[in-house]
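A.B. asks: Quick one, coords.txt (compact mmCIF, C-alpha atoms and all ligand atoms):
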# COMPACT_ATOMS: atom_id res chain seq x y z
CA MET Q 22 0.09 50.76 30.32
CA ASN Q 23 1.54 53.02 27.62
CA PRO Q 24 -1.00 54.85 25.50
CA ASP Q 25 -1.37 53.14 22.16
CA PRO Q 26 -2.98 55.25 19.38
CA ALA Q 27 -4.38 52.17 17.61
CA VAL Q 28 -6.12 50.95 20.76
CA GLU Q 29 -7.42 54.47 21.48
CA LYS Q 30 -8.88 54.81 17.99
CA ALA Q 31 -10.54 51.41 18.30
CA ALA Q 32 -11.95 52.37 21.69
CA LYS Q 33 -13.44 55.51 20.13
CA LEU Q 34 -15.15 53.42 17.46
CA ILE Q 35 -16.66 51.18 20.13
CA LYS Q 36 -17.73 54.16 22.20
CA LYS Q 37 -19.54 55.80 19.27
CA ALA Q 38 -21.13 52.59 17.95
CA ARG Q 39 -24.81 51.83 18.44
CA ARG Q 40 -24.88 48.43 16.74
CA ALA Q 41 -21.93 46.07 17.13
CA LEU Q 42 -21.10 42.60 15.89
CA PHE Q 43 -18.43 40.45 17.55
CA LEU Q 44 -16.97 37.78 15.27
CA THR Q 45 -14.98 35.39 17.45
CA SER Q 46 -12.77 32.46 16.48
CA ALA Q 47 -10.05 30.22 17.91
CA GLY Q 48 -7.87 33.07 19.19
CA MET Q 49 -10.67 34.14 21.57
CA SER Q 50 -10.64 30.74 23.28
CA ALA Q 51 -6.87 30.28 23.10
CA ASP Q 52 -6.48 32.68 26.03
CA SER Q 53 -8.64 30.28 28.07
CA ASN Q 54 -6.31 27.36 27.20
CA ILE Q 55 -8.66 25.81 24.66
CA PRO Q 56 -6.41 24.11 22.07
CA THR Q 57 -7.09 24.85 18.41
CA PHE Q 58 -5.65 21.62 16.92
CA ARG Q 59 -4.16 23.63 14.07
CA ASP Q 60 -0.85 23.26 15.89
CA LYS Q 61 -0.09 19.66 14.94
CA ASP Q 62 2.71 19.12 17.44
CA GLY Q 63 0.41 20.06 20.31
CA TYR Q 64 -2.28 17.76 18.96
CA TRP Q 65 0.01 14.75 18.76
CA ARG Q 66 1.36 15.48 22.24
CA ASN Q 67 -2.15 15.40 23.69
CA PHE Q 68 -3.20 12.31 21.76
CA PRO Q 69 -0.23 9.91 21.25
CA PRO Q 70 -2.46 6.93 20.30
CA PHE Q 71 -3.85 8.93 17.38
CA ARG Q 72 -0.32 9.52 16.09
CA GLU Q 73 0.34 5.76 15.99
CA LYS Q 74 -2.80 5.31 13.89
CA GLY Q 75 -2.18 8.41 11.78
CA LEU Q 76 -5.55 9.89 12.78
CA GLU Q 77 -5.45 13.65 12.36
CA ALA Q 78 -7.87 16.06 14.02
CA GLN Q 79 -9.89 16.55 10.85
CA ASP Q 80 -10.20 12.76 10.45
CA LEU Q 81 -11.67 12.39 13.95
CA ALA Q 82 -13.93 15.42 13.70
CA SER Q 83 -16.12 13.78 11.06
CA PRO Q 84 -19.21 11.58 10.74
CA TRP Q 85 -16.85 9.08 9.05
CA ALA Q 86 -14.90 8.73 12.30
CA PHE Q 87 -18.09 8.25 14.35
CA ARG Q 88 -19.01 5.37 12.02
CA ASN Q 89 -15.56 3.78 11.59
CA GLU Q 90 -13.50 4.80 14.63
CA LEU Q 91 -16.27 5.43 17.15
CA ALA Q 92 -14.17 4.88 20.31
CA HIS Q 93 -11.51 7.33 19.11
CA ALA Q 94 -13.98 9.86 17.74
CA TRP Q 95 -15.87 10.12 21.03
CA ALA Q 96 -12.56 10.09 22.94
CA PHE Q 97 -11.49 13.19 21.01
CA TYR Q 98 -14.68 15.06 22.00
CA GLU Q 99 -14.79 13.66 25.53
CA TRP Q 100 -11.23 14.97 26.04
CA ARG Q 101 -12.25 18.36 24.67
CA ARG Q 102 -15.34 18.57 26.91
CA ARG Q 103 -13.19 17.77 29.95
CA ASN Q 104 -10.60 20.35 28.90
CA ALA Q 105 -13.26 23.02 28.36
CA ARG Q 106 -14.83 22.23 31.76
CA GLU Q 107 -11.46 22.41 33.55
CA ASN Q 108 -10.74 25.82 32.05
CA ARG Q 109 -13.03 28.83 32.04
CA PRO Q 110 -13.95 31.88 29.95
CA HIS Q 111 -11.46 34.72 30.45
CA GLU Q 112 -12.28 38.31 31.35
CA GLY Q 113 -12.63 39.30 27.69
CA TYR Q 114 -15.90 37.35 27.50
CA GLU Q 115 -17.32 39.21 30.49
CA ILE Q 116 -16.36 42.55 28.96
CA VAL Q 117 -18.12 41.65 25.70
CA ASN Q 118 -21.21 40.56 27.66
CA ARG Q 119 -21.26 43.80 29.64
CA TRP Q 120 -20.93 45.89 26.49
CA ILE Q 121 -23.73 43.90 24.85
CA THR Q 122 -26.16 44.42 27.69
CA GLU Q 123 -25.19 47.96 28.74
CA ARG Q 124 -23.41 49.83 25.97
CA PHE Q 125 -25.02 49.18 22.60
CA GLU Q 126 -28.52 49.57 21.23
CA ALA Q 127 -28.06 46.13 19.71
CA ALA Q 128 -25.13 43.73 19.54
CA PHE Q 129 -24.51 40.14 18.59
CA VAL Q 130 -21.82 37.44 18.85
CA HIS Q 131 -21.12 35.21 15.85
CA THR Q 132 -18.61 32.55 16.85
CA THR Q 133 -16.92 29.67 15.06
CA ASN Q 134 -15.87 28.23 18.44
CA THR Q 135 -17.63 25.13 19.74
CA ASP Q 136 -16.60 25.38 23.41
CA GLY Q 137 -19.78 27.19 24.44
CA TYR Q 138 -17.79 29.84 26.33
CA HIS Q 139 -19.91 32.81 25.25
CA LEU Q 140 -23.06 31.24 26.69
CA ARG Q 141 -21.25 29.88 29.74
CA SER Q 142 -19.86 33.35 30.49
CA GLY Q 143 -23.39 34.74 30.53
CA CYS Q 144 -23.93 36.16 27.06
CA PRO Q 145 -27.72 36.44 26.47
CA GLU Q 146 -28.84 33.29 24.61
CA ASP Q 147 -30.63 35.21 21.88
CA ARG Q 148 -27.48 37.24 21.12
CA VAL Q 149 -25.23 34.33 20.04
CA ARG Q 150 -24.90 32.26 16.90
CA GLU Q 151 -22.53 29.29 17.31
CA VAL Q 152 -22.14 28.80 13.59
CA HIS Q 153 -20.20 25.53 13.93
CA GLY Q 154 -22.34 24.20 16.80
CA SER Q 155 -21.45 23.38 20.39
CA MET Q 156 -19.74 20.48 22.14
CA TRP Q 157 -22.37 20.84 24.91
CA ARG Q 158 -25.22 19.75 22.65
CA LEU Q 159 -25.82 16.34 21.04
CA GLN Q 160 -27.76 15.02 18.06
CA CYS Q 161 -28.41 11.64 16.44
CA LEU Q 162 -25.47 10.29 14.38
CA ASP Q 163 -27.93 9.18 11.70
CA ALA Q 164 -29.97 12.38 12.03
CA CYS Q 165 -33.12 10.27 12.44
CA CYS Q 166 -34.84 13.56 13.31
CA GLY Q 167 -33.90 17.21 13.46
CA ASP Q 168 -33.63 17.15 17.26
CA PHE Q 169 -30.65 18.28 19.27
CA TRP Q 170 -30.36 18.57 23.03
CA GLU Q 171 -28.10 20.00 25.70
CA ASP Q 172 -25.95 17.64 27.75
CA LEU Q 173 -23.52 19.30 30.16
CA ALA Q 174 -22.41 16.08 31.91
CA VAL Q 175 -18.68 15.71 32.49
CA PRO Q 176 -17.71 12.96 32.17
CA LEU Q 177 -20.15 12.01 29.44
CA CYS Q 178 -18.33 8.87 28.23
CA ARG Q 179 -15.76 6.66 29.93
CA LEU Q 180 -12.32 7.52 28.62
CA SER Q 181 -9.09 5.53 28.66
CA TYR Q 182 -6.21 7.98 28.39
CA ASP Q 183 -3.80 5.10 27.57
CA THR Q 184 -5.56 4.03 24.41
CA MET Q 185 -7.52 7.26 23.88
CA GLU Q 186 -10.67 5.19 23.44
CA ALA Q 187 -14.07 6.12 24.84
CA SER Q 188 -16.85 3.74 25.81
CA GLU Q 189 -20.44 3.98 27.13
CA PHE Q 190 -21.47 6.41 24.43
CA PRO Q 191 -24.49 8.71 24.66
CA LEU Q 192 -27.55 7.60 22.71
CA CYS Q 193 -30.12 9.34 20.52
CA ARG Q 194 -33.20 10.09 22.58
CA ARG Q 195 -35.51 9.03 19.78
CA CYS Q 196 -34.04 5.98 17.96
CA LYS Q 197 -31.54 4.90 20.68
CA GLY Q 198 -28.75 4.82 18.10
CA ILE Q 199 -25.41 6.52 18.75
CA ALA Q 200 -25.47 10.26 19.47
CA ARG Q 201 -22.73 12.63 18.33
CA PRO Q 202 -21.82 16.25 19.10
CA HIS Q 203 -24.12 18.91 17.62
CA ILE Q 204 -21.13 20.31 15.75
CA LEU Q 205 -20.56 20.95 12.07
CA MET Q 206 -17.73 18.50 11.39
CA PHE Q 207 -15.61 17.82 8.31
CA GLY Q 208 -17.48 16.14 5.43
CA ASP Q 209 -20.65 16.52 7.47
CA ALA Q 210 -24.00 16.17 5.68
CA GLU Q 211 -25.96 15.29 8.84
CA TYR Q 212 -25.41 18.28 11.11
CA VAL Q 213 -28.95 19.42 11.92
CA GLY Q 214 -28.03 23.07 12.57
CA HIS Q 215 -29.62 25.54 14.98
CA ARG Q 216 -32.47 27.40 13.33
CA TRP Q 217 -33.28 29.66 16.28
CA GLN Q 218 -29.70 30.97 16.49
CA ASP Q 219 -29.60 31.40 12.70
CA GLU Q 220 -32.82 33.42 12.73
CA ASN Q 221 -31.65 35.64 15.59
CA PHE Q 222 -28.50 36.45 13.61
CA LEU Q 223 -30.46 37.22 10.43
CA ASN Q 224 -32.74 39.50 12.45
CA PHE Q 225 -29.74 41.36 13.82
CA LEU Q 226 -28.44 41.84 10.26
CA GLN Q 227 -31.69 43.54 9.20
CA LYS Q 228 -30.05 46.84 10.17
CA PRO Q 229 -26.41 47.71 9.44
CA ALA Q 230 -23.77 47.46 12.18
CA ASP Q 231 -21.51 50.45 12.95
CA VAL Q 232 -18.62 48.38 14.19
CA VAL Q 233 -17.45 44.82 13.67
CA VAL Q 234 -14.92 43.34 16.09
CA LEU Q 235 -13.08 40.41 14.53
CA VAL Q 236 -11.27 38.35 17.18
CA GLY Q 237 -8.69 35.60 16.79
CA SER Q 238 -9.67 34.54 13.31
CA SER Q 239 -7.32 32.19 11.47
CA GLY Q 240 -6.85 32.32 7.72
CA ALA Q 241 -7.52 28.57 7.68
CA VAL Q 242 -11.20 29.13 8.58
CA PRO Q 243 -12.02 32.62 7.24
CA THR Q 244 -15.80 32.40 7.81
CA ASN Q 245 -15.80 35.43 10.09
CA ASP Q 246 -13.39 37.48 7.94
CA TYR Q 247 -15.81 37.35 5.03
CA ILE Q 248 -18.78 38.35 7.18
CA ALA Q 249 -16.69 41.34 8.33
CA LEU Q 250 -16.03 42.33 4.72
CA GLN Q 251 -19.74 42.10 3.84
CA LEU Q 252 -20.67 44.38 6.71
CA GLN Q 253 -17.87 46.78 5.80
CA GLU Q 254 -19.53 47.19 2.40
CA ARG Q 255 -22.65 48.28 4.30
CA GLY Q 256 -20.71 50.90 6.24
CA ALA Q 257 -19.30 49.09 9.29
CA ARG Q 258 -15.78 49.79 10.56
CA ILE Q 259 -13.70 46.68 11.29
CA ILE Q 260 -11.52 46.25 14.38
CA ASN Q 261 -9.30 43.18 14.03
CA ILE Q 262 -7.75 41.70 17.19
CA ASN Q 263 -5.04 39.10 16.56
CA PRO Q 264 -1.45 38.68 17.76
CA ASP Q 265 -0.49 37.42 14.29
CA PRO Q 266 -0.04 40.30 11.79
CA ALA Q 267 -0.71 37.86 8.91
CA ALA Q 268 -4.27 37.57 10.26
CA ASN Q 269 -5.18 40.96 8.76
CA ALA Q 270 -4.67 39.70 5.19
CA ILE Q 271 -8.41 39.39 4.44
CA ALA Q 272 -9.98 42.18 6.52
CA ARG Q 273 -7.08 44.62 5.78
CA THR Q 274 -8.41 47.06 8.33
CA GLU Q 275 -6.47 50.05 9.61
CA HIS Q 276 -7.84 49.20 13.05
CA PHE Q 277 -5.66 46.15 13.52
CA LEU Q 278 -4.65 45.44 17.12
CA PRO Q 279 -1.78 42.92 17.30
CA LEU Q 280 -2.82 41.71 20.74
CA LYS Q 281 -4.15 38.59 22.38
CA SER Q 282 -7.90 38.73 22.90
CA GLN Q 283 -8.07 38.99 26.68
CA GLU Q 284 -5.52 41.80 26.84
CA ALA Q 285 -7.17 43.66 23.97
CA PHE Q 286 -10.61 43.70 25.62
CA ILE Q 287 -9.20 44.74 29.00
CA ARG Q 288 -7.31 47.63 27.40
CA LEU Q 289 -10.24 48.74 25.25
CA ASP Q 290 -12.61 48.58 28.20
CA SER Q 291 -10.28 50.64 30.40
CA LEU Q 292 -10.14 53.37 27.73
CA LEU Q 293 -13.86 53.74 27.09
CA ASP Q 294 -14.32 56.40 29.75
CA GLU Q 295 -11.26 58.36 28.60
CA VAL Q 296 -11.50 58.60 24.81
ZN ZN Q 301 -31.77 8.90 16.25
With the file now loaded, output its structure as structure tokens.

C.D. replies:
Amino acid sequence: MNPDPAVEKAAKLIKKARRALFLTSAGMSADSNIPTFRDKDGYWRNFPPFREKGLEAQDLASPWAFRNELAHAWAFYEWRRRNARENRPHEGYEIVNRWITERFEAAFVHTTNTDGYHLRSGCPEDRVREVHGSMWRLQCLDACCGDFWEDLAVPLCRLSYDTMEASEFPLCRRCKGIARPHILMFGDAEYVGHRWQDENFLNFLQKPADVVVLVGSSGAVPTNDYIALQLQERGARIININPDPAANAIARTEHFLPLKSQEAFIRLDSLLDEV
């Protein structure tokens, strides 16, 4: 690999850092073949029956869909659970986990992804906040209580690929009504959240971070970009990893690495003993 000054400078920042925050979004999972559904053509290709009905991803990812198009709404998530199970976290996740446990005094992962790949790859449970929830946990559709629970079963529902309709839905453990993914969906007032993860993240933020690694964030969901800016105001340096140069519009960091996530972590990791 040719030496790249930008990657070397970023590696130096990571090497010097004592407290690090990893802010991961869709581009982190894309290298593990997890579709983002922002690419509409890909979405329609995977779900032809939804095209006939004009049901877009944001329509299905909503409590409205679970009340009015239940078979399609669960089909969408059942398909995604199967896809996530068939694929697996790439090497970049393992590198982040190793850095978290061996390199830093303290480090944390704040992810907008719902595929559960940080936890599945072995990230310590108290070091992750899945801010939009996880497809591997369920809650009551009517939020009859604040409970949520893990369910790793694949398949979870029956799924007809012809009609893209699910059946035999999971039920709420308490009221026996319909259960839904423990995910913050569109127009969602009933997501019960994850207080323990929230508190762990707030505890981490009690002290400033030296370095913030922003990975695969899309301008469409800039949650992580704004967290990066807040920490920059408190002295953190931002490293932004994204193959799309337009993705640096919010963070505007000089440490912008126009790379896919897996490649970026492999290259950074290989440099840590040299810089
Ligand atoms: Zn219930």

A.B. asks: Neighbours of ligand ZN 301 (chain Q) at 8 Å or closer, counting all atoms listed in the file: which residues, as a VMD selection string?

C.D. replies: chain Q and resid 160 to 166 192 to 200

A.B. asks: Can you list, as a list in words, every protein, DNA or RNA residue that comes within 10 Å of Phe58 in chain Q when you count only C-alpha atoms, leaving out same-chain residues fewer than 3 positions away?

C.D. replies: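 Once the adjacent positions are removed, what remains is Ala47, Ile55, Lys61, Asp62, Gly63, Tyr64, Trp65, Asn67, Glu77, Ala78 and Gln79 of chain Q.
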
A.B. asks: Could you tell me, as a PyMOL selection string, which residues have any atom at most 12 Å from (-18.8, 45.6, 2.8), counting only C-alpha atoms?

C.D. replies: chain Q and resi 229-233+246-259+272+274

A.B. asks: Those residues with C-alpha atoms, as a short mmCIF file (atom, residue, chain, number, x, y, z; two decimals), keeping the file's coordinate frame please?

C.D. replies:
data_model
loop_
_atom_site.label_atom_id
_atom_site.label_comp_id
_atom_site.auth_asym_id
_atom_site.auth_seq_id
_atom_site.Cartn_x
_atom_site.Cartn_y
_atom_site.Cartn_z
CA PRO Q 229 -26.41 47.71 9.44
CA ALA Q 230 -23.77 47.46 12.18
CA ASP Q 231 -21.51 50.45 12.95
CA VAL Q 232 -18.62 48.38 14.19
CA VAL Q 233 -17.45 44.82 13.67
CA ASP Q 246 -13.39 37.48 7.94
CA TYR Q 247 -15.81 37.35 5.03
CA ILE Q 248 -18.78 38.35 7.18
CA ALA Q 249 -16.69 41.34 8.33
CA LEU Q 250 -16.03 42.33 4.72
CA GLN Q 251 -19.74 42.10 3.84
CA LEU Q 252 -20.67 44.38 6.71
CA GLN Q 253 -17.87 46.78 5.80
CA GLU Q 254 -19.53 47.19 2.40
CA ARG Q 255 -22.65 48.28 4.30
CA GLY Q 256 -20.71 50.90 6.24
CA ALA Q 257 -19.30 49.09 9.29
CA ARG Q 258 -15.78 49.79 10.56
CA ILE Q 259 -13.70 46.68 11.29
CA ALA Q 272 -9.98 42.18 6.52
CA THR Q 274 -8.41 47.06 8.33
#

A.B. asks: At a cut-off of 8 Å around the point (-27.6, 17.6, 26.1) (file coordinates), what residues fall inside when counting only C-alpha atoms? I'd like the answer as a list in words.

C.D. replies: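 Within the cut-off we find Trp157, Arg158, Leu159, Phe169, Trp170, Glu171, Asp172, Leu173 and Ala174 of chain Q.
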
A.B. asks: Next, write the just-selected residues to a file, as a compact mmCIF listing (two decimals), in the frame of the given file, keeping C-alpha atoms as the atom set.

C.D. replies:
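Writing the result to again.txt gives the following:
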# COMPACT_ATOMS: atom_id res chain seq x y z
CA TRP Q 157 -22.37 20.84 24.91
CA ARG Q 158 -25.22 19.75 22.65
CA LEU Q 159 -25.82 16.34 21.04
CA PHE Q 169 -30.65 18.28 19.27
CA TRP Q 170 -30.36 18.57 23.03
CA GLU Q 171 -28.10 20.00 25.70
CA ASP Q 172 -25.95 17.64 27.75
CA LEU Q 173 -23.52 19.30 30.16
CA ALA Q 174 -22.41 16.08 31.91

A.B. asks: For a test of reading the model, state the distance in Å between CA of Ala105 in chain Q and CA of Tyr182 in chain Q, rounded to one decimal.

C.D. replies: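 These two atoms are separated by 16.6 Å.
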
A.B. asks: Between CA of Arg101 in chain Q and CA of Leu180 in chain Q, what is the spacing in Å?

C.D. replies: 11.5 Å

A.B. asks: Counting only C-alpha atoms, which residue out of Q:Asp290, Q:Asp209, Q:Asp219, Q:Glu295 sits closest to Ala86 in chain Q?

C.D. replies: Q:Asp209

A.B. asks: Q:Ala27, Q:Val117, Q:Ala241, Q:Ile271: which is nearest Tyr138 in chain Q, counting only C-alpha atoms?

C.D. replies: Q:Val117

A.B. asks: Quick one: residues within 12 Å of Pro70 in chain Q, all atoms listed in the file counted, chain neighbours fewer than 4 positions away excluded, as a PyMOL selection string?

C.D. replies: chain Q and resi 64-66+74-77+92-93+96-97+181-186

A.B. asks: For Thr122 in chain Q, please output as a list in words all residues within 12 Å (counting all atoms listed in the file; exclusion window: fewer than 2 positions along the same chain).

C.D. replies: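 Contacts, with the query itself left out: Arg39, Arg40, Ala41, Glu115, Ile116, Val117, Asn118, Arg119, Trp120, Arg124, Phe125, Glu126, Ala127, Ala128, Phe129, Gly143, Cys144, Pro145, Glu146, Asp147 and Arg148 of chain Q.
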
A.B. asks: Counting all atoms listed in the file, which of Q:Gln283, Q:Ser291, Q:Thr244, Q:Asn269 gets nearest to Glu112 in chain Q?

C.D. replies: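 Looking only at the distances to Glu112 in chain Q, the closest residue turns out to be Q:Gln283.
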
A.B. asks: Interatomic distance between CA of Arg59 in chain Q and CA of Ser46 in chain Q?

C.D. replies: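 It comes out at 12.6 Å.
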